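The file input39.tsv comes next; it holds TSV, C-alpha atoms.
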```
chain	number	residue	atom	x	y	z
A	1	MET	CA	10.21	-24.51	-5.31
A	2	PRO	CA	8.79	-23.05	-2.06
A	3	SER	CA	5.12	-23.53	-1.14
A	4	VAL	CA	3.47	-20.29	-2.26
A	5	ILE	CA	-0.22	-19.44	-2.56
A	6	PHE	CA	-1.89	-16.22	-3.67
A	7	PHE	CA	-5.03	-14.89	-1.99
A	8	ASN	CA	-6.79	-12.04	-3.75
A	9	THR	CA	-8.98	-9.69	-1.70
A	10	GLY	CA	-10.48	-6.24	-1.82
A	11	TRP	CA	-8.29	-3.15	-1.48
A	12	MET	CA	-7.76	-1.37	1.85
A	13	ASP	CA	-5.05	0.80	3.37
A	14	SER	CA	-4.82	-0.99	6.72
A	15	TYR	CA	-6.99	-4.16	6.73
A	16	ALA	CA	-7.64	-3.47	10.41
A	17	GLY	CA	-11.41	-3.03	10.23
A	18	ILE	CA	-13.79	-0.48	8.77
A	19	GLN	CA	-14.43	2.34	11.20
A	20	GLN	CA	-17.26	4.77	10.52
A	21	ASN	CA	-17.02	4.03	6.79
A	22	HIS	CA	-13.35	5.08	6.67
A	23	ASP	CA	-10.77	2.93	4.90
A	24	PRO	CA	-13.53	1.18	2.95
A	25	LEU	CA	-13.08	-2.21	1.36
A	26	ILE	CA	-12.94	-1.58	-2.40
A	27	GLY	CA	-13.55	-4.48	-4.78
A	28	GLY	CA	-12.95	-8.11	-3.92
A	29	GLY	CA	-16.01	-9.74	-5.47
A	30	ALA	CA	-19.79	-9.84	-5.42
A	31	HIS	CA	-20.14	-10.38	-1.66
A	32	ASN	CA	-18.11	-7.28	-0.89
A	33	ARG	CA	-20.08	-5.18	-3.38
A	34	GLU	CA	-23.45	-6.34	-2.07
A	35	GLN	CA	-22.66	-6.34	1.66
A	36	GLY	CA	-20.10	-3.52	1.85
A	37	TRP	CA	-17.65	-5.70	3.80
A	38	GLY	CA	-15.70	-8.93	3.57
A	39	GLY	CA	-13.75	-11.23	5.87
A	40	GLU	CA	-10.44	-9.73	4.74
A	41	ILE	CA	-11.10	-6.46	6.59
A	42	PHE	CA	-9.16	-7.84	9.60
A	43	ASN	CA	-6.35	-9.64	7.74
A	44	PHE	CA	-3.69	-7.34	9.18
A	45	LYS	CA	-5.09	-6.75	12.66
A	46	PRO	CA	-2.97	-8.80	15.09
A	47	TYR	CA	-4.23	-10.78	18.06
A	48	ARG	CA	-1.75	-11.96	20.69
A	49	GLY	CA	1.20	-11.98	18.32
A	50	LYS	CA	-0.54	-13.65	15.41
A	51	TYR	CA	-2.42	-12.65	12.28
A	52	TYR	CA	-5.46	-14.52	11.00
A	53	GLY	CA	-6.20	-14.19	7.30
A	54	PHE	CA	-9.41	-14.74	5.35
A	55	VAL	CA	-9.97	-15.18	1.63
A	56	ARG	CA	-13.32	-15.80	-0.03
A	57	THR	CA	-13.00	-19.13	-1.82
A	58	THR	CA	-15.21	-20.17	-4.72
A	59	HIS	CA	-18.60	-21.18	-3.27
A	60	GLY	CA	-16.94	-21.51	0.13
A	61	GLY	CA	-14.88	-24.47	-1.10
A	62	ASP	CA	-11.66	-25.88	0.27
A	63	ILE	CA	-8.08	-24.85	-0.35
A	64	LYS	CA	-6.40	-27.54	-2.44
A	65	LEU	CA	-3.41	-28.16	-0.21
A	66	GLU	CA	-2.22	-31.00	-2.44
A	67	LYS	CA	-1.28	-28.37	-5.03
A	68	LEU	CA	1.18	-27.06	-2.45
A	69	GLY	CA	2.72	-30.46	-1.79
A	70	ALA	CA	0.49	-31.74	1.01
A	71	ALA	CA	-1.25	-35.10	1.11
A	72	LYS	CA	-4.85	-35.12	-0.11
A	73	SER	CA	-5.95	-36.07	3.40
A	74	ALA	CA	-4.05	-33.20	5.06
A	75	LEU	CA	-6.19	-30.66	6.88
A	76	GLN	CA	-3.45	-28.04	7.12
A	77	LEU	CA	0.01	-27.26	5.78
A	78	ASP	CA	2.81	-25.38	7.54
A	79	ASN	CA	5.64	-23.20	6.21
A	80	VAL	CA	3.65	-21.70	3.35
A	81	THR	CA	4.22	-18.21	1.97
A	82	VAL	CA	0.81	-16.56	1.59
A	83	VAL	CA	0.91	-13.63	-0.83
A	84	TRP	CA	-1.97	-11.18	-0.49
A	85	THR	CA	-3.03	-9.28	-3.61
A	86	ALA	CA	-5.73	-6.74	-4.44
A	87	LEU	CA	-7.04	-4.63	-7.29
A	88	ARG	CA	-5.89	-1.03	-6.95
A	89	PRO	CA	-8.79	1.46	-7.29
A	90	LYS	CA	-9.18	2.85	-10.80
A	91	ALA	CA	-8.71	6.41	-9.52
A	92	GLU	CA	-5.22	5.38	-8.37
A	93	GLY	CA	-4.20	3.59	-11.57
A	94	GLY	CA	-5.95	0.21	-11.42
A	95	GLY	CA	-4.28	-3.19	-11.84
A	96	THR	CA	-3.77	-6.04	-9.37
A	97	TYR	CA	-0.74	-5.76	-7.05
A	98	VAL	CA	0.89	-7.57	-4.16
A	99	VAL	CA	-0.21	-5.77	-0.97
A	100	GLY	CA	1.57	-7.91	1.63
A	101	TRP	CA	2.45	-11.41	2.76
A	102	TYR	CA	2.49	-13.98	5.54
A	103	LYS	CA	5.73	-16.00	5.65
A	104	ASN	CA	6.00	-19.38	7.39
A	105	ALA	CA	2.21	-19.46	7.57
A	106	THR	CA	-0.13	-22.34	8.30
A	107	VAL	CA	-2.82	-22.74	5.65
A	108	PHE	CA	-6.03	-24.67	6.40
A	109	ARG	CA	-7.94	-26.73	3.89
A	110	SER	CA	-11.28	-25.39	5.12
A	111	GLU	CA	-12.31	-22.24	6.97
A	112	ARG	CA	-11.44	-22.24	10.66
A	113	SER	CA	-12.76	-20.21	13.57
A	114	ARG	CA	-10.44	-17.63	15.08
A	115	PRO	CA	-9.55	-17.72	18.80
A	116	GLU	CA	-12.61	-16.80	20.81
A	117	ARG	CA	-11.62	-13.25	21.72
A	118	SER	CA	-10.28	-12.48	18.24
A	119	ARG	CA	-13.49	-13.44	16.43
A	120	HIS	CA	-14.13	-10.01	15.04
A	121	LEU	CA	-17.80	-9.56	14.21
A	122	TRP	CA	-19.10	-7.49	11.35
A	123	ASP	CA	-22.83	-6.87	11.04
A	124	GLY	CA	-23.25	-9.71	13.54
A	125	SER	CA	-21.33	-12.19	11.38
A	126	PRO	CA	-18.22	-13.95	12.77
A	127	ILE	CA	-15.16	-13.83	10.52
A	128	GLY	CA	-13.13	-17.02	10.21
A	129	CYS	CA	-9.73	-17.64	8.67
A	130	TYR	CA	-7.89	-19.83	6.20
A	131	THR	CA	-4.36	-19.03	7.37
A	132	VAL	CA	-2.43	-17.91	10.44
A	133	ALA	CA	1.09	-16.52	10.87
A	134	ASP	CA	3.31	-15.02	13.56
A	135	LEU	CA	3.57	-11.26	13.84
A	136	ALA	CA	7.27	-11.27	12.91
A	137	ASP	CA	6.50	-13.01	9.60
A	138	VAL	CA	3.79	-10.61	8.40
A	139	VAL	CA	4.24	-7.55	6.19
A	140	LEU	CA	1.59	-5.14	4.93
A	141	LEU	CA	2.97	-2.75	2.35
A	142	PRO	CA	1.94	0.92	2.48
A	143	PRO	CA	-0.14	1.82	-0.62
A	144	ASP	CA	2.75	3.65	-2.36
A	145	GLU	CA	4.95	0.56	-1.99
A	146	ARG	CA	2.47	-1.85	-3.58
A	147	LEU	CA	4.23	-1.99	-6.93
A	148	LEU	CA	4.57	-5.63	-7.99
A	149	PRO	CA	1.82	-6.31	-10.55
A	150	VAL	CA	0.09	-9.69	-10.64
A	151	PRO	CA	-0.87	-11.26	-13.99
A	152	ARG	CA	-4.63	-11.64	-14.37
A	153	SER	CA	-5.17	-12.58	-18.03
A	154	LYS	CA	-4.99	-16.29	-18.82
A	155	PRO	CA	-3.03	-18.49	-19.39
A	156	ASN	CA	-0.71	-18.96	-16.39
A	157	SER	CA	-2.30	-16.18	-14.39
A	158	MET	CA	-4.60	-15.62	-11.43
A	159	GLY	CA	-7.70	-15.31	-13.58
A	160	GLN	CA	-10.95	-14.54	-11.74
A	161	SER	CA	-10.47	-16.87	-8.77
A	162	HIS	CA	-9.51	-15.39	-5.38
A	163	VAL	CA	-7.17	-18.35	-4.78
A	164	TRP	CA	-4.24	-18.95	-7.13
A	165	TYR	CA	-1.62	-21.66	-6.72
A	166	ALA	CA	0.58	-20.35	-9.58
A	167	GLU	CA	1.93	-23.85	-10.14
A	168	THR	CA	2.06	-23.21	-13.89
A	169	ASN	CA	3.97	-19.95	-13.50
A	170	PRO	CA	7.21	-20.78	-11.62
A	171	ASP	CA	8.93	-17.71	-13.06
A	172	PHE	CA	6.44	-15.42	-11.34
A	173	ILE	CA	6.77	-17.33	-8.06
A	174	LYS	CA	10.53	-16.80	-8.26
A	175	GLN	CA	10.00	-13.10	-8.91
A	176	VAL	CA	7.65	-12.82	-5.94
A	177	MET	CA	10.03	-14.62	-3.58
A	178	THR	CA	12.88	-12.34	-4.66
A	179	TYR	CA	10.59	-9.37	-4.03
A	180	ILE	CA	9.68	-10.62	-0.55
A	181	ASN	CA	13.26	-11.46	0.39
A	182	ASN	CA	14.26	-7.99	-0.78
A	183	GLY	CA	11.80	-6.39	1.62
A	184	GLY	CA	9.26	-5.36	-1.01
A	185	ILE	CA	11.73	-3.58	-3.29
A	186	LEU	CA	11.39	-4.38	-6.98
A	187	PRO	CA	14.61	-5.83	-8.44
A	188	LEU	CA	14.20	-3.67	-11.54
A	189	ALA	CA	14.57	-0.57	-9.37
A	190	SER	CA	18.34	-1.02	-9.54
A	191	THR	CA	18.24	-0.46	-13.30
A	192	ARG	CA	16.85	3.00	-12.72
A	193	GLN	CA	19.55	4.27	-10.39
A	194	GLY	CA	21.25	6.10	-13.22
A	195	ALA	CA	18.39	8.56	-13.54
A	196	LYS	CA	19.49	11.97	-12.34
A	197	ARG	CA	17.29	14.63	-10.87
A	198	PRO	CA	17.54	17.89	-12.83
A	199	THR	CA	19.36	20.58	-10.90
A	200	GLN	CA	18.20	24.12	-10.37
A	201	PRO	CA	21.02	26.57	-11.22
A	202	ASP	CA	19.49	29.47	-9.30
A	203	PRO	CA	20.89	29.30	-5.72
A	204	LEU	CA	18.14	31.65	-4.51
A	205	VAL	CA	15.51	29.10	-5.47
A	206	ARG	CA	17.39	25.99	-4.39
A	207	ILE	CA	18.45	26.61	-0.82
A	208	ALA	CA	20.18	23.80	0.99
A	209	VAL	CA	17.20	22.53	3.00
A	210	GLU	CA	14.87	22.36	-0.01
A	211	GLU	CA	17.50	20.65	-2.13
A	212	GLN	CA	18.16	18.02	0.52
A	213	ALA	CA	14.43	17.41	0.99
A	214	VAL	CA	13.96	16.75	-2.71
A	215	LYS	CA	17.00	14.45	-2.78
A	216	VAL	CA	15.68	12.39	0.14
A	217	THR	CA	12.20	12.11	-1.37
A	218	TRP	CA	13.61	11.31	-4.81
A	219	ALA	CA	15.84	8.55	-3.41
A	220	TYR	CA	12.97	6.96	-1.44
A	221	TYR	CA	10.63	6.63	-4.40
A	222	GLN	CA	13.40	5.69	-6.81
A	223	LYS	CA	14.44	2.84	-4.52
A	224	LEU	CA	10.88	1.54	-4.64
A	225	GLY	CA	11.03	1.43	-8.44
A	226	TYR	CA	9.28	4.64	-9.43
A	227	GLU	CA	10.49	6.73	-12.35
A	228	LEU	CA	10.72	10.36	-11.28
A	229	GLN	CA	10.44	13.65	-13.06
A	230	SER	CA	11.05	17.05	-11.56
A	231	VAL	CA	8.34	19.62	-12.31
A	232	GLU	CA	9.56	22.07	-9.68
A	233	THR	CA	9.87	24.96	-12.13
A	234	ASP	CA	6.65	24.23	-14.04
A	235	LYS	CA	4.31	25.59	-11.35
A	236	VAL	CA	1.90	22.67	-11.74
A	237	GLY	CA	1.11	22.44	-8.02
A	238	TRP	CA	3.61	19.76	-6.96
A	239	ASP	CA	7.37	19.18	-7.20
A	240	LEU	CA	7.94	15.63	-8.46
A	241	THR	CA	5.93	13.19	-10.54
A	242	ALA	CA	6.53	9.54	-9.58
A	243	THR	CA	5.38	6.92	-12.09
A	244	ASN	CA	5.31	3.16	-11.89
A	245	GLY	CA	3.22	1.54	-14.59
A	246	LYS	CA	-0.33	2.84	-14.24
A	247	ILE	CA	0.46	4.49	-10.90
A	248	LYS	CA	1.22	8.21	-11.11
A	249	LEU	CA	1.80	10.12	-7.90
A	250	LYS	CA	2.13	13.86	-7.43
A	251	LEU	CA	4.73	14.62	-4.76
A	252	GLU	CA	4.79	17.99	-3.04
A	253	VAL	CA	8.09	18.23	-1.14
A	254	LYS	CA	8.72	20.40	1.90
A	255	GLY	CA	12.06	20.66	3.70
A	256	LEU	CA	12.49	21.67	7.33
A	257	SER	CA	15.66	22.32	9.31
A	258	GLY	CA	13.97	21.38	12.61
A	259	SER	CA	12.22	18.25	13.81
A	260	ARG	CA	8.68	19.67	14.06
A	261	VAL	CA	6.39	18.77	11.15
A	262	ALA	CA	4.89	22.04	9.93
A	263	ALA	CA	4.82	23.45	6.41
A	264	GLU	CA	2.84	25.76	4.17
A	265	LEU	CA	1.06	24.92	0.94
A	266	THR	CA	0.57	27.56	-1.69
A	267	ALA	CA	-2.87	28.18	-3.11
A	268	ASN	CA	-1.87	26.30	-6.26
A	269	GLU	CA	-0.54	23.32	-4.28
A	270	TYR	CA	-3.62	23.14	-2.08
A	271	ARG	CA	-5.94	23.37	-5.09
A	272	ASN	CA	-4.19	20.47	-6.81
A	273	LEU	CA	-4.24	18.46	-3.59
A	274	LEU	CA	-8.02	18.76	-3.55
A	275	LEU	CA	-8.35	17.99	-7.26
A	276	ASP	CA	-6.48	14.67	-7.09
A	277	THR	CA	-6.53	13.57	-3.45
A	278	PRO	CA	-5.94	9.81	-4.11
A	279	ASN	CA	-2.66	10.42	-5.93
A	280	TYR	CA	-1.30	13.50	-4.16
A	281	ARG	CA	1.40	13.10	-1.50
A	282	ILE	CA	2.80	15.68	0.91
A	283	CYS	CA	6.43	14.71	1.53
A	284	ILE	CA	7.92	16.54	4.50
A	285	VAL	CA	11.59	16.06	5.36
A	286	THR	CA	12.50	17.15	8.90
A	287	SER	CA	16.03	17.86	10.19
A	288	ALA	CA	17.01	17.95	6.53
A	289	LEU	CA	20.64	19.01	6.97
A	290	ILE	CA	21.43	17.00	10.12
A	291	ASP	CA	19.49	13.73	10.22
A	292	PRO	CA	16.87	13.84	7.45
A	293	LYS	CA	13.63	11.97	8.11
A	294	LEU	CA	10.98	11.63	5.43
A	295	HIS	CA	7.30	11.75	6.38
A	296	VAL	CA	4.99	10.87	3.48
A	297	PHE	CA	1.40	11.95	4.05
A	298	ALA	CA	-1.42	10.39	2.03
A	299	TYR	CA	-5.14	10.86	2.39
A	300	SER	CA	-6.75	8.11	4.46
A	301	LYS	CA	-10.45	7.40	4.05
A	302	ARG	CA	-10.28	5.45	7.31
A	303	THR	CA	-9.56	8.61	9.33
A	304	ASP	CA	-10.71	11.24	6.83
A	305	ASN	CA	-7.32	12.86	7.27
A	306	TRP	CA	-3.80	12.98	5.85
A	307	ILE	CA	-1.74	10.31	7.62
A	308	SER	CA	1.95	9.45	7.37
A	309	GLN	CA	3.31	5.91	7.32
A	310	GLU	CA	4.23	6.17	10.99
A	311	GLY	CA	0.75	7.37	11.92
A	312	LEU	CA	1.19	11.14	12.17
A	313	ALA	CA	-1.86	13.21	11.17
A	314	LEU	CA	-1.85	16.61	9.50
A	315	ASP	CA	-4.04	19.49	10.57
A	316	PHE	CA	-4.90	22.05	7.90
A	317	GLU	CA	-5.22	25.70	8.78
A	318	ALA	CA	-6.55	28.07	6.12
A	319	VAL	CA	-4.55	31.26	5.73
A	320	THR	CA	-5.93	34.37	4.05
A	321	SER	CA	-3.54	36.82	2.44
A	322	ALA	CA	-3.93	40.22	0.78
A	323	ARG	CA	-1.99	42.73	-1.29
A	324	VAL	CA	-1.77	46.30	0.00
A	325	PHE	CA	-0.76	49.33	-2.03
A	326	THR	CA	-1.36	53.06	-2.40
A	327	LEU	CA	-3.36	54.68	-5.17
```
Mind turning this structure into structure tokens?
Amino acid sequence: MPSVIFFNTGWMDSYAGIQQNHDPLIGGGAHNREQGWGGEIFNFKPYRGKYYGFVRTTHGGDIKLEKLGAAKSALQLDNVTVVWTALRPKAEGGGTYVVGWYKNATVFRSERSRPERSRHLWDGSPIGCYTVADLADVVLLPPDERLLPVPRSKPNSMGQSHVWYAETNPDFIKQVMTYINNGGILPLASTRQGAKRPTQPDPLVRIAVEEQAVKVTWAYYQKLGYELQSVETDKVGWDLTATNGKIKLKLEVKGLSGSRVAAELTANEYRNLLLDTPNYRICIVTSALIDPKLHVFAYSKRTDNWISQEGLALDFEAVTSARVFTL
């Protein structure tokens, strides 16, 4: 059995610092609620090719490295897989999920200082670390890809502690390692490949670019393990509903023949975007018929804008229309 430890923190999109109250730290315990920040806010901000991770231990206590196979006198342990988890905000479905991992990490028994120039300060307080890993061994999942739930109700679960050794739940450790080795794709996603997207018989409605855009978006979310339903003809304000457990996303799909990202939202689509911002996604497929590329835009509190996974930002331009006729 590999050495695996689970560190539970608050929820963020980037874990690269809180800037002007954007990308806030949500949850993660009493300290975070009272202070509005926690040491985990920099867990995925690299410094000279390494990541330094913080977890708030119970009363500032030590990590029990002996539960991972180390000697009781050991001050650190190498080659550990650190699995980061967090509680998804209630508005986005709730539940605790794996948000990323450090492979081949070094875990320290007690809190260590970061390298001098990487000691990020917050409100004048230095932030230490309990683990360090190389850049190549670190993965932070985008919010839509955080789909592996973590058991929280006892027995054999994380419980209320932020540190979980999972030594009594080897089946879950095996599931997590399979998930990590599969690049963050749930194994059960393969059982859903038989689901077929309903087709639109009207060729005037389903032109080639739009059809390809929906296929690309459908395939992406299906591969992640979402169950999809087409609501394209229901005029609800989005095209696809993607569901995974408590998570329910509303996907508005736009297809483009060129490479420039630019699309129009109808009044109904824009209204629904504003009504359910946390769960609405604008999925734009460029070069749909030649070399399709999917850009998924989600609202980011960190930037107060709609940002894609590769960092593109959307600008919104209001358009006023009118009907003209003779009396």
Original post:
Leaving out Tyr15 (chain A) and any residue of its chain fewer than 2 positions from it, which residues lie within 6 Å of it when counting only C-alpha atoms, given as number ranges by chain?
Top reply: A: 12, 17, 41-44
| said: Need to verify the contact set: Ser308 (chain A), 7 Å, all atoms listed in the file, exclusion of same-chain residues closer than 5 positions in sequence. Can you return it as a VMD selection string? | reply: chain A and resid 295 to 298 313
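Shortest separation to Leu25 (chain A) among A:Val261, A:Leu87, A:Leu68, A:Val324 occurs at residue A:Leu87, atoms counted being only C-alpha atoms.
Put simply, CA of Ala86 (chain A) is 5.3 Å away from CA of Trp11 (chain A).
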CA of Lys103 (chain A) to CA of Val138 (chain A) measures 6.4 Å
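Proximity of A:Asp291, A:Glu111, A:Glu232, A:Glu264 to Gly61 (chain A), computed with all atoms listed in the file, is greatest for A:Glu111.
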Counting all atoms listed in the file, the residue among A:Arg56, A:Lys301, A:Arg281, A:Lys246 that lies closest to Val163 (chain A) is A:Arg56
Just want the 12 Å neighbourhood of Ala16 (chain A), counted on only C-alpha atoms, with same-chain residues fewer than 6 positions away dropped. Output as a ChimeraX atom specification.
/A:22-25,38-47,51-53,120,140,302
Pairwise distance, CA of Gly36 (chain A) with CA of Val55 (chain A), equals 15.4 Å
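All residues of protein, DNA or RNA that reach within 9 Å of Thr85 (chain A), judged by only C-alpha atoms and not counting those fewer than 5 positions away in the chain, are Phe6, Phe7, Asn8, Thr9, Gly10, Trp11, Thr96, Tyr97, Val98, Val99, Gly100, Trp101, Pro149 and Val150 of chain A.
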Compile the contact shell of Asp78 (chain A) as a list in words: residues with an atom at most 9 Å away, counting all atoms listed in the file, same-chain residues fewer than 6 positions apart removed.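 Non-adjacent residues within range: Asn104, Ala105, Thr106, Val107 and Phe108 of chain A.
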Sel. within 7 Å of pt (-9.5, 10.9, -0.8), counting all atoms listed in the file, output as a PyMOL selection string
chain A and resi 277-278+299-301
